[in-house]
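Structure first, commentary second.
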Amino acid sequence: MVSDIGMQNSKWEICLAVGDVAVFFAAIPVLLLWHLHLGQSPQFFPAGRKITLLILLSVNLLVIYVSDLYDKYKDYRNIENISRIIFAVWVGMVLGGLAIRFTKDLYLDPNFIEWHALCFSGLLIFWRYLFSALALPQRLRRRMLIVGAGDSGQRILKTIQERPNSGLEPIGFVDDDPQKVGQRLKGIAVLGTSDTLTELIRRYNIEIVVVAIIREKSPKLLKTLSHLSFNHCELVDMPTMYEHLAKKIPLDYISDNWLFLHSIYRSKYYYRHVKRLMDLALAAAGLLLAAPLLPCIALAIKLDSPGTVFFRQQRQGQTGKSFSIFKFRTMRDAAPDQEPQWAVKGDPRITRVGWFLRKARLDEVPQLINVLKGEMSLIGPRAEWDVFAQMSLQEETRWRPGRRAGDPPGFMVPAGEVERVPFYGFRSVVKPGITGWAQVQFPMAGSSFEDLQEKLAYDLYYIKNISLFLDLAILLKTIRIVLIGRGK
């Protein structure tokens, strides 16, 4: 049985690899036809360089493998995985070019390598997109049980049902409340209690068990789950499954311990240093490219409304340290005694020039100075006004229902102090950014503590999964948002 399962699982990875090889070689005639269509004579095409092409292919497949792109359950329609593909192909191009550059018998024109990488990456994205579109909805569907039919269990079921192409097939709930057994919740039956969990898994060929019990679990249930984890059944907690599907953290179903155990902002020494070098290079290049526009923008701001050209405000940075942010002014100057207030959709304070600058994101250009100073990064959580940041961090009393036998119905007791926006303090473990995961996933966010909490769910996802691949995905999404003019 074990060997059969292994063979069944591996054939899809083989399918991906065979498709990648086919696409690699298909890129050559496609590239040739494209150059002929343009009326160009492609003198750099390889002739009799089979060994060279095999070396380039091997390097690319190795880089794709190291980039974890042979996981059949990944959704290659996802922008983050598309960015991984682009990154892997271009790293493969560089490494492959270096492998053959200094050997005369293997030499290929660098123009061919670059054009081939461009064509290969496009075809590879198309092939992987097609694979996920055809395989995930049906062929690669995984049957799952949800342990816990309460609010968190029903929440994860709703999240799965909203994503029919996720490759997950919920079979039913397991719950230790005997009154729930036999009921149907959101179209799915409660099949039994945790005592029957092992039998249900065997009967329904379950591959994934989602543990949606947020409160403390009984020793008996923990023992059962521990046995399952050693018997070819994948165990996932509800917040992790929700994070995987929704690309944000479910704040109502996690704790400080969950964030700690899941290693928020693991120590990524090389990533942090590479990211700083990229910030410096891209910020300097951005300011250089924008330099001719800056006097024109400054003049337009001055002619449109009275006031300063630049807007400065205290924002909360890494480790909670305040810094002064630079932006082009897009609003009329506020009165000295005016109370702090959020910007809202259709804000009457926004000037005509300010409206255009916000739509084109040109008001953000001066923040590149903050990036050069090390106060910000290109990518990270939004730098929140320190006034609202402090308000979010203020502690409030949390109440819970009384648990004593003599407590009347509806009786509430204090359960400790929590931040007004729970887990808000975790945002400051990284530098704020000009753009970020919350900005691209929730660009139409309003200005309220409710929307602040929703953006925090995306910020924590970014911090927990921080990587160069995710940064590249955010950059691609940012470009798309700027081009179509979404956001405030």
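Just remember, in the structure tokens the first chain shown is A, the second B, etc., residues are 1-based per chain, and ligands are 1-based in the order shown.
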
Spatial neighbours of A:Val66, max dist 10 Å, only C-alpha atoms, sep filter under 5 positions, as a PyMOL selection string: chain A and resi 60-61+88

Could those residues be written to a file, using N, CA and C atoms, as a JSON list (two decimals), in the first residue's frame?
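Ended up saving to again_25.json:
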[["chain", "number", "residue", "atom", "x", "y", "z"],
["A", 60, "ASN", "N", 18.56, 24.73, -15.10],
["A", 60, "ASN", "CA", 17.22, 25.30, -14.88],
["A", 60, "ASN", "C", 16.34, 24.38, -14.06],
["A", 61, "LEU", "N", 16.37, 23.07, -14.37],
["A", 61, "LEU", "CA", 15.55, 22.12, -13.61],
["A", 61, "LEU", "C", 15.99, 22.06, -12.15],
["A", 88, "ALA", "N", 13.11, 31.86, -10.64],
["A", 88, "ALA", "CA", 13.89, 30.64, -10.84],
["A", 88, "ALA", "C", 14.49, 30.59, -12.25]]

DSSP-assigned helix (DSSP H, G or I) among stretch 204-302 of chain A, expressed as a VMD selection string: chain A and resid 219 to 229 238 to 246 251 to 253 256 to 261 269 to 290 294 to 302

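With distances restricted to only C-alpha atoms, A:Val365 is the closest residue to A:Phe311 from A:Val365, A:Val274, A:Ala473, A:Ile481.
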
Computed interatomic separation between atom CA of A:Ala117 and atom CA of A:Ala281 (Å):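 Between atom CA of A:Ala117 and atom CA of A:Ala281 the gap is 23.7 Å.
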
For stretch 329-332 of chain A: contacts at 6 Å, only C-alpha atoms, fewer than 5 positions along chain excluded, given as a ChimeraX atom specification: /A:309-311,349-351,354

A:Gly425 environment, 10 Å, only C-alpha atoms, sequence neighbours closer than 6 positions dropped, as an NGL selection string: :A and (319-320 or 389-390 or 392-393 or 419 or 456)

Keeping C-alpha atoms, export the residues of the selection given above as a PDB file, in the first residue's frame.
ATOM      1  CA  THR A 319      10.610  48.386  16.958  1.00  0.00           C
ATOM      2  CA  GLY A 320       8.022  51.151  17.472  1.00  0.00           C
ATOM      3  CA  ALA A 389      -0.519  53.404  16.090  1.00  0.00           C
ATOM      4  CA  GLN A 390      -0.452  54.363  19.767  1.00  0.00           C
ATOM      5  CA  SER A 392      -4.163  50.718  18.416  1.00  0.00           C
ATOM      6  CA  LEU A 393      -1.630  49.625  21.028  1.00  0.00           C
ATOM      7  CA  GLU A 419      -4.336  45.666  22.727  1.00  0.00           C
ATOM      8  CA  LEU A 456      -3.119  43.614  10.095  1.00  0.00           C
TER       9      LEU A 456
END

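Comparing the minimum interatomic distances between A:Arg128 and each of A:Leu168, A:Ile254, A:Ile79, A:Ile55, counting only C-alpha atoms, we find that A:Ile79 sits nearest.
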